[in-house]
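K.L.:
Contents of upload-v8.tsv (TSV, C-alpha atoms) are given next:
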chain	number	residue	atom	x	y	z
H	4	MET	CA	0.00	0.00	0.00
H	5	SER	CA	1.12	3.52	-0.74
H	6	LYS	CA	2.40	5.65	2.09
H	7	ILE	CA	0.45	8.70	3.21
H	8	TYR	CA	2.13	11.97	4.15
H	9	LEU	CA	1.04	15.10	5.98
H	10	ASN	CA	3.12	17.54	3.96
H	11	GLU	CA	1.93	20.91	5.27
H	12	CYS	CA	0.26	22.02	8.48
H	13	GLY	CA	-1.73	25.13	9.38
H	14	ILE	CA	-2.92	25.66	12.94
H	15	ILE	CA	-4.82	28.21	15.01
H	16	CYS	CA	-5.91	27.60	18.60
H	17	ALA	CA	-5.79	29.15	22.06
H	18	LEU	CA	-1.97	28.98	21.88
H	19	GLY	CA	-1.97	31.36	18.92
H	20	GLU	CA	-1.84	31.33	15.13
H	21	GLY	CA	0.80	29.63	13.02
H	22	GLN	CA	3.46	27.03	13.66
H	23	ALA	CA	6.07	29.29	15.26
H	24	GLN	CA	3.80	30.87	17.86
H	25	VAL	CA	2.06	27.63	18.77
H	26	LYS	CA	5.32	25.68	19.06
H	27	ALA	CA	7.00	28.36	21.17
H	28	ARG	CA	4.19	28.48	23.71
H	29	LEU	CA	3.76	24.70	23.76
H	30	PHE	CA	7.37	23.96	24.65
H	31	ALA	CA	7.49	26.90	27.05
H	32	GLY	CA	4.64	25.27	28.97
H	33	GLN	CA	2.35	28.30	28.57
H	34	ALA	CA	-1.29	27.22	28.85
H	35	GLY	CA	-3.61	28.81	26.33
H	36	VAL	CA	-6.75	28.36	28.42
H	37	SER	CA	-7.99	31.56	30.10
H	38	THR	CA	-11.02	32.67	32.11
H	39	THR	CA	-13.83	34.47	30.29
H	40	GLY	CA	-17.57	35.05	30.56
H	41	ARG	CA	-18.08	35.66	26.85
H	42	TRP	CA	-19.65	32.27	26.19
H	43	SER	CA	-21.31	31.64	29.56
H	44	LYS	CA	-23.45	34.60	30.55
H	45	GLY	CA	-23.25	35.29	34.26
H	46	ARG	CA	-20.54	32.69	34.83
H	47	GLU	CA	-16.78	32.89	34.37
H	48	LEU	CA	-15.21	29.74	32.91
H	49	ALA	CA	-11.77	28.66	31.73
H	50	LEU	CA	-12.02	28.23	27.96
H	51	GLY	CA	-9.59	27.78	25.09
H	52	GLU	CA	-10.61	30.88	23.15
H	53	VAL	CA	-8.65	31.92	20.05
H	54	PRO	CA	-7.31	35.42	20.70
H	55	GLY	CA	-7.39	38.33	18.26
H	56	GLU	CA	-9.17	38.98	14.99
H	57	LEU	CA	-10.11	36.20	12.61
H	58	PRO	CA	-10.18	36.45	8.80
H	59	SER	CA	-13.21	38.19	7.32
H	60	VAL	CA	-15.99	36.00	5.95
H	61	ALA	CA	-17.84	38.93	4.37
H	62	HIS	CA	-16.88	37.79	0.85
H	63	LEU	CA	-18.63	34.45	1.31
H	64	PRO	CA	-22.25	33.50	0.63
H	65	ALA	CA	-24.44	34.21	3.68
H	66	HIS	CA	-24.71	30.56	4.70
H	67	LEU	CA	-20.91	30.23	4.93
H	68	ARG	CA	-20.33	33.27	7.16
H	69	SER	CA	-19.49	31.76	10.53
H	70	ARG	CA	-16.79	31.90	13.18
H	71	ASN	CA	-16.19	28.23	12.48
H	72	ASN	CA	-15.36	28.98	8.86
H	73	ALA	CA	-13.24	31.98	9.83
H	74	LEU	CA	-11.08	29.62	11.90
H	75	ALA	CA	-10.79	27.28	8.92
H	76	LEU	CA	-9.72	30.20	6.71
H	77	ALA	CA	-7.05	31.20	9.24
H	78	ALA	CA	-5.55	27.69	9.12
H	79	LEU	CA	-5.89	27.52	5.34
H	80	ALA	CA	-3.98	30.78	4.86
H	81	GLN	CA	-0.86	29.12	6.30
H	82	ILE	CA	-0.82	26.29	3.72
H	83	ARG	CA	-2.72	27.86	0.84
H	84	GLU	CA	0.29	28.28	-1.42
H	85	ALA	CA	1.16	24.60	-1.10
H	86	VAL	CA	-2.45	23.55	-1.66
H	87	GLN	CA	-2.66	25.69	-4.78
H	88	ALA	CA	0.52	24.06	-6.06
H	89	ALA	CA	-1.13	20.66	-5.53
H	90	VAL	CA	-4.20	21.82	-7.47
H	91	ASN	CA	-1.95	22.97	-10.31
H	92	ARG	CA	-0.09	19.66	-10.19
H	93	TYR	CA	-3.05	17.26	-10.06
H	94	GLY	CA	-6.05	19.24	-11.26
H	95	ALA	CA	-9.03	20.57	-9.29
H	96	GLY	CA	-10.93	17.31	-9.67
H	97	ARG	CA	-8.17	15.31	-8.02
H	98	VAL	CA	-7.98	17.30	-4.79
H	99	GLY	CA	-10.54	16.63	-2.05
H	100	VAL	CA	-11.55	18.04	1.33
H	101	VAL	CA	-12.39	15.93	4.39
H	102	LEU	CA	-12.81	17.69	7.73
H	103	GLY	CA	-14.15	17.16	11.23
H	104	THR	CA	-16.41	19.60	13.09
H	105	SER	CA	-19.23	19.64	15.63
H	106	THR	CA	-20.53	23.21	15.92
H	107	SER	CA	-20.48	24.60	12.38
H	108	GLY	CA	-22.67	27.77	12.45
H	109	ILE	CA	-24.56	27.26	15.70
H	110	GLY	CA	-23.03	30.42	17.15
H	111	GLU	CA	-24.49	32.47	14.31
H	112	THR	CA	-27.91	30.96	15.00
H	113	GLU	CA	-27.58	32.07	18.63
H	114	GLN	CA	-26.95	35.62	17.45
H	115	ALA	CA	-29.89	35.45	15.05
H	116	LEU	CA	-32.24	34.27	17.81
H	117	ALA	CA	-31.06	37.08	20.08
H	118	HIS	CA	-31.88	39.50	17.26
H	119	HIS	CA	-35.34	37.91	16.98
H	120	VAL	CA	-35.96	38.39	20.69
H	121	ALA	CA	-34.95	42.05	20.43
H	122	HIS	CA	-36.60	42.94	17.12
H	123	GLY	CA	-39.31	40.34	16.47
H	124	ALA	CA	-37.65	38.94	13.36
H	125	LEU	CA	-34.54	37.13	12.27
H	126	PRO	CA	-31.82	39.22	10.58
H	127	PRO	CA	-32.47	39.42	6.84
H	128	GLU	CA	-29.03	38.00	6.02
H	129	PHE	CA	-29.41	34.98	8.33
H	130	SER	CA	-29.47	31.55	6.71
H	131	TYR	CA	-30.41	28.35	8.51
H	132	ARG	CA	-27.90	26.65	6.22
H	133	ALA	CA	-25.12	28.12	8.38
H	134	GLN	CA	-25.77	25.21	10.76
H	135	GLU	CA	-25.03	22.53	8.15
H	136	MET	CA	-22.21	20.27	9.28
H	137	GLY	CA	-20.80	20.18	5.77
H	138	SER	CA	-20.24	23.94	5.82
H	139	PRO	CA	-16.45	24.01	6.36
H	140	ALA	CA	-15.83	21.49	3.58
H	141	GLU	CA	-18.08	23.48	1.24
H	142	LEU	CA	-16.18	26.62	2.23
H	143	LEU	CA	-12.73	25.23	1.44
H	144	ALA	CA	-13.85	23.67	-1.83
H	145	LEU	CA	-15.35	27.01	-2.88
H	146	GLU	CA	-12.37	29.05	-1.68
H	147	LEU	CA	-9.87	26.83	-3.50
H	148	GLY	CA	-11.96	26.04	-6.59
H	149	LEU	CA	-11.82	22.31	-5.90
H	150	GLU	CA	-13.93	19.74	-7.71
H	151	GLY	CA	-12.99	16.59	-5.79
H	152	PRO	CA	-14.98	14.99	-2.96
H	153	ALA	CA	-15.72	17.41	-0.11
H	154	TYR	CA	-17.44	16.33	3.10
H	155	VAL	CA	-17.36	16.41	6.90
H	156	HIS	CA	-17.27	13.87	9.70
H	157	SER	CA	-19.18	14.85	12.83
H	158	THR	CA	-18.62	12.20	15.48
H	159	ALA	CA	-17.90	14.53	18.40
H	160	CYS	CA	-14.30	14.36	19.70
H	161	SER	CA	-13.12	11.77	17.16
H	162	SER	CA	-14.36	13.75	14.13
H	163	ALA	CA	-11.06	15.07	12.79
H	164	ALA	CA	-9.19	11.79	13.32
H	165	LYS	CA	-11.86	9.96	11.37
H	166	ALA	CA	-11.69	12.66	8.69
H	167	MET	CA	-7.95	12.15	8.34
H	168	ALA	CA	-8.38	8.38	8.12
H	169	SER	CA	-11.04	8.86	5.44
H	170	ALA	CA	-8.76	11.22	3.51
H	171	ALA	CA	-6.00	8.59	3.55
H	172	ARG	CA	-8.39	5.96	2.27
H	173	MET	CA	-9.50	8.23	-0.60
H	174	ILE	CA	-5.89	8.60	-1.72
H	175	ARG	CA	-5.21	4.87	-1.44
H	176	MET	CA	-8.39	4.08	-3.40
H	177	GLY	CA	-7.29	6.41	-6.19
H	178	LEU	CA	-10.16	8.87	-5.75
H	179	CYS	CA	-7.80	11.77	-4.99
H	180	ASP	CA	-4.14	12.62	-5.35
H	181	ALA	CA	-4.24	15.15	-2.51
H	182	VAL	CA	-6.68	16.01	0.27
H	183	VAL	CA	-7.01	19.03	2.52
H	184	THR	CA	-7.91	17.41	5.82
H	185	GLY	CA	-8.14	18.17	9.53
H	186	GLY	CA	-10.85	19.95	11.49
H	187	ALA	CA	-12.35	23.19	12.73
H	188	ASP	CA	-14.56	23.94	15.70
H	189	SER	CA	-15.67	27.16	17.35
H	190	LEU	CA	-16.85	28.22	20.77
H	191	CYS	CA	-20.49	29.06	21.25
H	192	ALA	CA	-22.85	29.36	24.21
H	193	PHE	CA	-24.80	26.26	23.15
H	194	THR	CA	-21.76	23.99	23.44
H	195	VAL	CA	-20.59	25.47	26.74
H	196	ALA	CA	-24.08	25.19	28.24
H	197	GLY	CA	-24.48	21.62	27.01
H	198	PHE	CA	-21.28	20.37	28.58
H	199	SER	CA	-22.04	22.35	31.73
H	200	ALA	CA	-25.41	20.58	31.98
H	201	LEU	CA	-23.53	17.28	31.90
H	202	GLU	CA	-21.43	18.52	34.84
H	203	SER	CA	-18.34	17.91	32.70
H	204	VAL	CA	-16.89	21.45	32.70
H	205	SER	CA	-14.15	22.59	35.06
H	206	PRO	CA	-14.45	26.22	36.24
H	207	GLY	CA	-10.64	26.54	36.25
H	208	GLN	CA	-7.86	25.17	34.08
H	209	CYS	CA	-8.40	21.47	33.49
H	210	ASN	CA	-6.23	19.08	35.48
H	211	PRO	CA	-5.79	15.83	33.54
H	212	MET	CA	-4.80	12.71	35.49
H	213	SER	CA	-4.97	14.55	38.83
H	214	ALA	CA	-6.83	13.31	41.88
H	215	ASN	CA	-8.37	16.80	41.82
H	216	ARG	CA	-9.58	16.75	38.20
H	217	LYS	CA	-13.03	18.28	37.72
H	218	GLY	CA	-13.70	18.15	34.01
H	219	ILE	CA	-12.86	19.73	30.68
H	220	ASN	CA	-12.20	23.20	29.33
H	221	ILE	CA	-14.07	23.72	26.05
H	222	GLY	CA	-11.87	25.21	23.34
H	223	GLU	CA	-11.87	26.20	19.69
H	224	GLY	CA	-9.44	26.07	16.83
H	225	ALA	CA	-8.58	24.63	13.44
H	226	ALA	CA	-5.78	22.52	12.04
H	227	LEU	CA	-5.45	21.65	8.37
H	228	PHE	CA	-3.02	19.37	6.60
H	229	LEU	CA	-2.14	18.85	2.96
H	230	MET	CA	-2.16	15.07	2.59
H	231	GLU	CA	-0.48	13.34	-0.36
H	232	ALA	CA	0.98	9.97	-1.28
H	233	THR	CA	4.48	11.41	-1.74
H	234	PRO	CA	6.55	13.41	0.76
H	235	GLY	CA	6.48	17.13	0.04
H	236	GLY	CA	9.77	18.06	1.67
H	237	PRO	CA	11.81	17.59	4.83
H	238	GLN	CA	8.86	18.67	6.97
H	239	ALA	CA	6.66	15.79	5.81
H	240	VAL	CA	5.29	13.48	8.52
H	241	GLU	CA	3.91	10.10	7.57
H	242	LEU	CA	0.44	9.05	8.69
H	243	MET	CA	1.58	5.49	9.29
H	244	GLY	CA	-1.61	4.10	10.72
H	245	TRP	CA	-4.98	4.74	12.26
H	246	GLY	CA	-7.51	2.81	14.25
H	247	GLU	CA	-11.26	3.30	14.57
H	248	SER	CA	-13.81	1.55	16.76
H	249	SER	CA	-17.28	2.07	18.14
H	250	ASP	CA	-18.12	0.47	21.45
H	251	GLY	CA	-21.53	2.15	21.89
H	252	HIS	CA	-21.24	1.80	25.66
H	253	HIS	CA	-23.10	4.99	26.62
H	254	ILE	CA	-24.24	8.24	25.02
H	255	SER	CA	-21.67	10.27	26.98
H	256	ALA	CA	-19.63	7.99	29.25
H	257	PRO	CA	-16.71	5.84	28.04
H	258	ASP	CA	-16.64	2.09	28.49
H	259	PRO	CA	-14.78	1.77	31.83
H	260	GLU	CA	-13.00	-1.34	30.54
H	261	GLY	CA	-11.76	0.59	27.49
H	262	ALA	CA	-12.37	-2.25	25.03
H	263	GLY	CA	-13.06	0.11	22.13
H	264	ALA	CA	-10.16	2.40	22.98
H	265	ARG	CA	-7.80	-0.56	23.15
H	266	LEU	CA	-9.05	-1.83	19.79
H	267	ALA	CA	-8.37	1.56	18.17
H	268	PHE	CA	-4.80	1.61	19.54
H	269	GLU	CA	-4.20	-1.96	18.36
H	270	GLN	CA	-5.56	-1.25	14.88
H	271	ALA	CA	-3.31	1.79	14.48
H	272	LEU	CA	-0.23	-0.21	15.50
H	273	ARG	CA	-1.15	-3.14	13.26
H	274	ARG	CA	-1.91	-0.95	10.25
H	275	ALA	CA	1.45	0.77	10.65
H	276	GLY	CA	3.38	-2.44	11.32
H	277	VAL	CA	4.73	-0.89	14.52
H	278	GLY	CA	5.16	-2.59	17.87
H	279	ALA	CA	4.04	-0.96	21.11
H	280	ALA	CA	7.68	-0.74	22.27
H	281	GLU	CA	8.53	1.41	19.23
H	282	VAL	CA	6.21	4.27	20.26
H	283	ASP	CA	8.15	7.30	21.54
H	284	TYR	CA	5.27	9.36	22.90
H	285	ILE	CA	1.48	9.28	23.29
H	286	ASN	CA	-0.68	12.38	23.12
H	287	MET	CA	-3.55	11.32	25.36
H	288	HIS	CA	-7.16	12.30	24.83
H	289	GLY	CA	-6.78	13.33	28.47
H	290	THR	CA	-9.95	15.33	29.01
H	291	ALA	CA	-9.53	15.58	32.82
H	292	THR	CA	-12.93	14.02	33.44
H	293	PRO	CA	-12.93	11.28	36.10
H	294	GLN	CA	-14.12	8.55	33.76
H	295	ASN	CA	-12.06	9.29	30.64
H	296	ASP	CA	-8.73	9.59	32.46
H	297	ALA	CA	-9.39	6.39	34.40
H	298	MET	CA	-10.28	4.41	31.29
H	299	GLU	CA	-7.52	5.79	29.07
H	300	SER	CA	-4.69	5.49	31.58
H	301	ARG	CA	-5.50	1.84	32.21
H	302	VAL	CA	-5.58	1.03	28.50
H	303	ILE	CA	-2.23	2.76	27.94
H	304	ALA	CA	-0.64	1.00	30.91
H	305	THR	CA	-1.90	-2.36	29.66
H	306	LEU	CA	-0.74	-1.92	26.07
H	307	PHE	CA	2.39	0.20	26.43
H	308	GLY	CA	3.45	-0.06	30.07
H	309	GLU	CA	4.13	2.87	32.36
H	310	GLU	CA	7.47	4.00	30.88
H	311	VAL	CA	6.39	5.52	27.55
H	312	PRO	CA	6.15	9.35	27.86
H	313	VAL	CA	2.58	10.64	27.69
H	314	SER	CA	0.80	13.95	28.11
H	315	SER	CA	-2.54	15.60	27.62
H	316	THR	CA	-2.33	18.93	25.78
H	317	LYS	CA	-5.88	19.96	26.68
H	318	PRO	CA	-4.69	22.64	29.20
H	319	PHE	CA	-2.90	24.33	26.29
H	320	THR	CA	-5.77	24.40	23.80
H	321	GLY	CA	-8.93	23.46	25.65
H	322	HIS	CA	-10.93	20.57	24.26
H	323	THR	CA	-11.59	21.67	20.68
H	324	LEU	CA	-14.21	18.94	20.21
H	325	GLY	CA	-14.60	18.13	16.49
H	326	ALA	CA	-11.21	19.70	15.75
H	327	ALA	CA	-9.40	18.15	18.73
H	328	ALA	CA	-7.79	15.24	16.91
H	329	ALA	CA	-6.46	17.53	14.16
H	330	VAL	CA	-5.18	20.18	16.58
H	331	GLU	CA	-3.41	17.53	18.66
H	332	ALA	CA	-2.03	15.80	15.56
H	333	ALA	CA	-0.68	19.22	14.57
H	334	LEU	CA	1.07	19.58	17.94
H	335	CYS	CA	2.63	16.16	17.38
H	336	TRP	CA	3.57	17.15	13.79
H	337	LEU	CA	5.35	20.22	15.15
H	338	ALA	CA	7.20	18.16	17.77
H	339	MET	CA	8.42	15.78	15.04
H	340	GLN	CA	10.11	18.45	12.92
H	341	ASP	CA	13.87	18.50	12.36
H	342	ASP	CA	14.31	21.61	14.51
H	343	ASN	CA	13.37	19.49	17.54
H	344	ALA	CA	16.48	17.32	17.36
H	345	GLN	CA	16.45	16.70	21.13
H	346	GLY	CA	12.89	15.38	21.03
H	347	ARG	CA	11.29	17.89	23.38
H	348	LEU	CA	7.91	16.56	24.43
H	349	PRO	CA	4.59	18.40	24.69
H	350	PRO	CA	4.41	18.80	28.48
H	351	HIS	CA	1.67	17.62	30.78
H	352	LEU	CA	0.32	20.57	32.77
H	353	TRP	CA	-1.35	19.59	36.06
H	354	ASP	CA	-1.13	20.13	39.80
H	355	GLY	CA	1.02	17.04	40.37
H	356	ALA	CA	-1.49	15.39	42.69
H	357	ALA	CA	-1.39	11.83	41.39
H	358	ASP	CA	-4.60	9.82	41.64
H	359	PRO	CA	-3.70	6.60	43.50
H	360	ALA	CA	-6.54	4.82	41.69
H	361	LEU	CA	-4.83	5.33	38.30
H	362	PRO	CA	-1.69	3.76	36.82
H	363	ALA	CA	1.47	5.79	37.43
H	364	LEU	CA	2.04	6.80	33.82
H	365	ASN	CA	5.17	8.67	32.71
H	366	LEU	CA	3.60	12.15	32.47
H	367	ALA	CA	6.04	14.41	30.62
H	368	PRO	CA	6.92	17.46	32.76
H	369	PRO	CA	7.81	20.85	31.24
H	370	GLY	CA	11.25	20.61	29.64
H	371	ALA	CA	11.11	16.83	29.15
H	372	ALA	CA	12.97	15.52	26.10
H	373	LEU	CA	13.96	12.15	24.66
H	374	GLY	CA	17.48	13.30	23.79
H	375	ARG	CA	16.80	12.27	20.18
H	376	PRO	CA	14.16	13.06	17.54
H	377	LEU	CA	10.63	11.76	17.91
H	378	ARG	CA	10.01	9.01	15.34
H	379	ARG	CA	6.77	7.23	16.32
H	380	VAL	CA	3.94	9.12	17.99
H	381	LEU	CA	0.35	8.15	18.83
H	382	SER	CA	-2.55	10.54	19.36
H	383	SER	CA	-5.84	9.27	20.78
H	384	SER	CA	-9.39	10.64	20.58
H	385	PHE	CA	-12.35	9.08	22.41
H	386	ALA	CA	-15.77	10.57	21.75
H	387	PHE	CA	-19.30	10.51	23.06
H	388	GLY	CA	-21.27	7.51	21.89
H	389	GLY	CA	-18.18	5.30	22.04
H	390	SER	CA	-16.61	6.60	18.80
H	391	ASN	CA	-12.88	5.99	19.21
H	392	ALA	CA	-10.00	6.94	16.90
H	393	VAL	CA	-6.21	6.80	17.14
H	394	LEU	CA	-3.60	8.22	14.73
H	395	LEU	CA	0.01	7.01	14.45
H	396	LEU	CA	2.50	9.46	12.97
H	397	GLY	CA	6.06	8.67	11.91
H	398	ARG	CA	9.31	10.15	10.64
H	399	PRO	CA	12.26	8.32	9.02
H	400	GLY	CA	14.95	6.91	11.26
Just dump the structure as C-alpha cells.
P.N.:
Amino acid sequence: MSKIYLNECGIICALGEGQAQVKARLFAGQAGVSTTGRWSKGRELALGEVPGELPSVAHLPAHLRSRNNALALAALAQIREAVQAAVNRYGAGRVGVVLGTSTSGIGETEQALAHHVAHGALPPEFSYRAQEMGSPAELLALELGLEGPAYVHSTACSSAAKAMASAARMIRMGLCDAVVTGGADSLCAFTVAGFSALESVSPGQCNPMSANRKGINIGEGAALFLMEATPGGPQAVELMGWGESSDGHHISAPDPEGAGARLAFEQALRRAGVGAAEVDYINMHGTATPQNDAMESRVIATLFGEEVPVSSTKPFTGHTLGAAAAVEAALCWLAMQDDNAQGRLPPHLWDGAADPALPALNLAPPGAALGRPLRRVLSSSFAFGGSNAVLLLGRPG
C-alpha cells in the first residue's frame, strides 16, 4: 500500500496562530486556556478561546459566514500556497476536502435568535444553512476552486481523526491525489451550556490525570493538513496508521473497561506495522474528566506499560471537540520536525497530585525531552457515543 504523508500544516488555537507561535508556547509550557464570561453569561469559565481577529468571511455567501469557517480560513492561509501548487499539479478534480467539526454555524444561529428576541424577526441575512455540518468542507472547496470529494465527519471528539483516516483511504483508493484534511470547531454558548449541563466542565484550568480533576475546558481552533501519497519536503510526517472503533457503551460515558479504545490503539499499530515498544510518545485524549482519564490510563498502561512518555495537551488548547484530533495531531507534527532534534515533548500541565486509583504513567513534565528526535507518535481521541479513533504518525529513522 502507498504511504500517506502530511506535507503541510496550518494551525490556530488558544496557543496562537501559526506554527512558530504555537510551538514556542507549547514547549514553554504556557497554557492557552484563560477565564472568560463571553460564552457563559453570568458565569466565568476557563475556555480555550482563540485570541485576536479572525479572517473576514464577508466575501462568502451568507450561509458560509461563521466563526467556524473563519477559523478554517485562518488555518488555510498558512498552507494555501502549497495547496494551490497541488491543485496545479493534479487538477481541481483530483484534490478533495475531508474535515471534522461539531458546531459549524450554531453560534451564528444564537446571534440570530437574540436579534429575533430584540426585534421580532430574524436578521435578513441569516441563513439556517449556516448550521449545516458540511459547511467548512463546502467553504474550502469554494475558496480553492476544488472539484474533488468534499465532506465532513461529525462524530464529536473523534471527528477530525476519522476525517484524516477517510482522507487517507481516498488517496489509497485512487479517488484523490491530494486532500485538505483536519478539522475546525468554534466556541459558542450552546456547546458550553451543554457540557455544563452534563457537569463535565471545570471552572478553572483542566487538570488531567490529577486526583483533583473536575472536568474539561471547552476550546476552539482549526488545524489543516495537505495530505499526499508522496513526501512534500523535509517537513513531511507520515500518517503510518490509524484505528477506529465504536463500542456504543453509553451516550456520553466511556466504556470503563476501554475495550473500544484498546481496539483503536491496536488497529493503528497493526496498520502501521509498529510494535508498542517502538512508540516514543502518546498524546492522550486526556480530558480531565474522572471517567475518561481512568479508562484511558488503564488502556495505555496495559498496552504500552508505564514507561512511555505521555501527556494531555488539553490545558494548552482546551478541548476543541470536532477539531481536537487535528489540533493535537498538529502539535505532534510540530514536535516531530527537524528543529526538535532533542525530542522535546509536549508537556503535561497539572497540579502534580497523582490519583492513586490510576496507573502511574510517565507524564512528561515541562522541559522533558527524549534526547533524540521523535520518530513514532500516537494521538488518541475518544468521543461521546463510544466513537474511538487513534492516529500514528512517523518520521524516518
K.L.:
At what distance in Å, to one decimal, does atom CA of H:Val277 lie from atom CA of H:Glu11?
P.N.:
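These two atoms are separated by 23.8 Å.
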K.L.:
Considering only C-alpha atoms, state which residue in the set H:Leu395, H:Ile221, H:Val90, H:Ala75 is at the smallest distance from H:Thr290.
P.N.:
H:Ile221
K.L.:
Residues of stretch 291-353 of chain H that approach stretch 36-45 of chain H to 8 Å or less, counting only C-alpha atoms: could you list each one with the shortest pair of atoms and its distance in Å to one decimal, rows by chain and increasing residue number, as CSV?
P.N.:
residue,atom,partner,partner_atom,distance
H:Pro318,CA,H:Val36,CA,6.1
H:Phe319,CA,H:Val36,CA,6.0
H:Thr320,CA,H:Val36,CA,6.2
H:Gly321,CA,H:Val36,CA,6.0
K.L.:
Using only C-alpha atoms, which residues sit within 7 Å of stretch 93-110 of chain H once same-chain residues fewer than 3 positions away are excluded, as a ChimeraX atom specification?
P.N.:
/H:69,71,89-90,113-114,133-136,138,140,144,148-157,159,162-163,166,170,179-189,191,324-326
K.L.:
Can you tell me which residues surround H:Phe385 at a distance of at most 8 Å, considering only C-alpha atoms, apart from same-chain residues fewer than 5 positions away, and format the answer as a list in words?
P.N.:
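Here the answer would be Cys160, Ser161, Pro257, Ala264, His288, Ser390, Asn391 and Ala392 of chain H.
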K.L.:
Write out as JSON lines a residue-level contact list of stretch 224-291 of chain H versus stretch 332-336 of chain H with cut-off 9 Å: for each qualifying residue the closest pair of atoms and the distance in Å to one decimal, counting all atoms listed in the file, rows sorted by chain and residue number upward.
P.N.:
{"residue": "H:Ala226", "atom": "CA", "partner": "H:Ala333", "partner_atom": "CA", "distance": 6.6}
{"residue": "H:Leu227", "atom": "CA", "partner": "H:Ala333", "partner_atom": "CA", "distance": 8.2}
{"residue": "H:Phe228", "atom": "CA", "partner": "H:Ala333", "partner_atom": "CA", "distance": 8.3}
{"residue": "H:Gln238", "atom": "CA", "partner": "H:Trp336", "partner_atom": "CA", "distance": 8.8}
{"residue": "H:Ala239", "atom": "CA", "partner": "H:Trp336", "partner_atom": "CA", "distance": 8.7}
{"residue": "H:Val240", "atom": "CA", "partner": "H:Trp336", "partner_atom": "CA", "distance": 6.6}
{"residue": "H:Asn286", "atom": "CA", "partner": "H:Cys335", "partner_atom": "CA", "distance": 7.6}
K.L.:
Using all atoms listed in the file, which of H:Ser314, H:Gly251, H:Ala49, H:Tyr284 sits nearest H:Pro376?
P.N.:
H:Tyr284
K.L.:
Would you list the contacts of H:Ala23 as a PyMOL selection string, taking every protein, DNA or RNA residue within 12 Å and counting only C-alpha atoms, but skipping same-chain residues closer than 3 positions in sequence?
P.N.:
chain H and resi 12-15+18-20+26-30+81+334+337-338+340+342
K.L.:
Give me, please, the distance in Å between atom CA of H:Val60 and atom CA of H:Ala73, quoted to one decimal.
P.N.:
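It comes out at 6.2 Å.
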K.L.:
Grab the atom CA of H:Asp354 to atom CA of H:Ser213 distance for me, in Å with one decimal place.
P.N.:
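If I compute the distance from atom CA of H:Asp354 to atom CA of H:Ser213, I get 6.8 Å.
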K.L.:
Restricting the calculation to all atoms listed in the file, which member of H:Ala262, H:Leu67, H:Ala225, H:Val282 is positioned closest to H:Val330?
P.N.:
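Ranking H:Ala262, H:Leu67, H:Ala225, H:Val282 by distance to H:Val330, first place goes to H:Ala225.
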K.L.:
Go through H:Pro211, H:Gly224, H:Gly235, H:Gly346 and flag the residue nearest H:Leu361, using only C-alpha atoms for the distances.
P.N.:
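Between H:Pro211, H:Gly224, H:Gly235, H:Gly346, the residue approaching H:Leu361 most closely is H:Pro211.
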K.L.:
Identify which of the residues H:Ala363, H:Leu373, H:Leu9, H:Leu142 lies closest to H:Asn72, counting only C-alpha atoms when measuring atom-to-atom distances.
P.N.:
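The answer is H:Leu142, which sits nearest to H:Asn72.
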K.L.:
Go through H:Ala17, H:Leu306, H:Ala232, H:Ala88 and flag the residue nearest H:Val53, using all atoms listed in the file for the distances.
P.N.:
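Residue with the minimum atom-to-atom distance to H:Val53: H:Ala17.
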K.L.:
Would you mind completing stretch 140-151 of chain H so that it carries N, CA and C atoms, and writing it out as a PDB file, in the frame of the given file?
P.N.:
ATOM      1  N   ALA H 140     -16.327  22.146   4.790  1.00  0.00           N
ATOM      2  CA  ALA H 140     -15.830  21.490   3.580  1.00  0.00           C
ATOM      3  C   ALA H 140     -16.299  22.244   2.338  1.00  0.00           C
ATOM      4  N   GLU H 141     -17.568  22.678   2.358  1.00  0.00           N
ATOM      5  CA  GLU H 141     -18.080  23.480   1.240  1.00  0.00           C
ATOM      6  C   GLU H 141     -17.271  24.768   1.102  1.00  0.00           C
ATOM      7  N   LEU H 142     -16.969  25.388   2.242  1.00  0.00           N
ATOM      8  CA  LEU H 142     -16.180  26.620   2.230  1.00  0.00           C
ATOM      9  C   LEU H 142     -14.829  26.425   1.552  1.00  0.00           C
ATOM     10  N   LEU H 143     -14.071  25.406   1.989  1.00  0.00           N
ATOM     11  CA  LEU H 143     -12.730  25.230   1.440  1.00  0.00           C
ATOM     12  C   LEU H 143     -12.764  24.845  -0.028  1.00  0.00           C
ATOM     13  N   ALA H 144     -13.728  24.021  -0.415  1.00  0.00           N
ATOM     14  CA  ALA H 144     -13.850  23.670  -1.830  1.00  0.00           C
ATOM     15  C   ALA H 144     -14.143  24.912  -2.669  1.00  0.00           C
ATOM     16  N   LEU H 145     -15.023  25.782  -2.173  1.00  0.00           N
ATOM     17  CA  LEU H 145     -15.350  27.010  -2.880  1.00  0.00           C
ATOM     18  C   LEU H 145     -14.148  27.949  -2.925  1.00  0.00           C
ATOM     19  N   GLU H 146     -13.498  28.119  -1.796  1.00  0.00           N
ATOM     20  CA  GLU H 146     -12.370  29.050  -1.680  1.00  0.00           C
ATOM     21  C   GLU H 146     -11.212  28.636  -2.581  1.00  0.00           C
ATOM     22  N   LEU H 147     -11.011  27.333  -2.736  1.00  0.00           N
ATOM     23  CA  LEU H 147      -9.870  26.830  -3.500  1.00  0.00           C
ATOM     24  C   LEU H 147     -10.236  26.410  -4.922  1.00  0.00           C
ATOM     25  N   GLY H 148     -11.528  26.456  -5.259  1.00  0.00           N
ATOM     26  CA  GLY H 148     -11.960  26.040  -6.590  1.00  0.00           C
ATOM     27  C   GLY H 148     -11.795  24.556  -6.832  1.00  0.00           C
ATOM     28  N   LEU H 149     -12.012  23.757  -5.781  1.00  0.00           N
ATOM     29  CA  LEU H 149     -11.820  22.310  -5.900  1.00  0.00           C
ATOM     30  C   LEU H 149     -13.062  21.627  -6.442  1.00  0.00           C
ATOM     31  N   GLU H 150     -12.831  20.509  -7.134  1.00  0.00           N
ATOM     32  CA  GLU H 150     -13.930  19.740  -7.710  1.00  0.00           C
ATOM     33  C   GLU H 150     -13.928  18.289  -7.248  1.00  0.00           C
ATOM     34  N   GLY H 151     -13.028  17.953  -6.326  1.00  0.00           N
ATOM     35  CA  GLY H 151     -12.990  16.590  -5.790  1.00  0.00           C
ATOM     36  C   GLY H 151     -14.000  16.412  -4.677  1.00  0.00           C
TER      37      GLY H 151
END
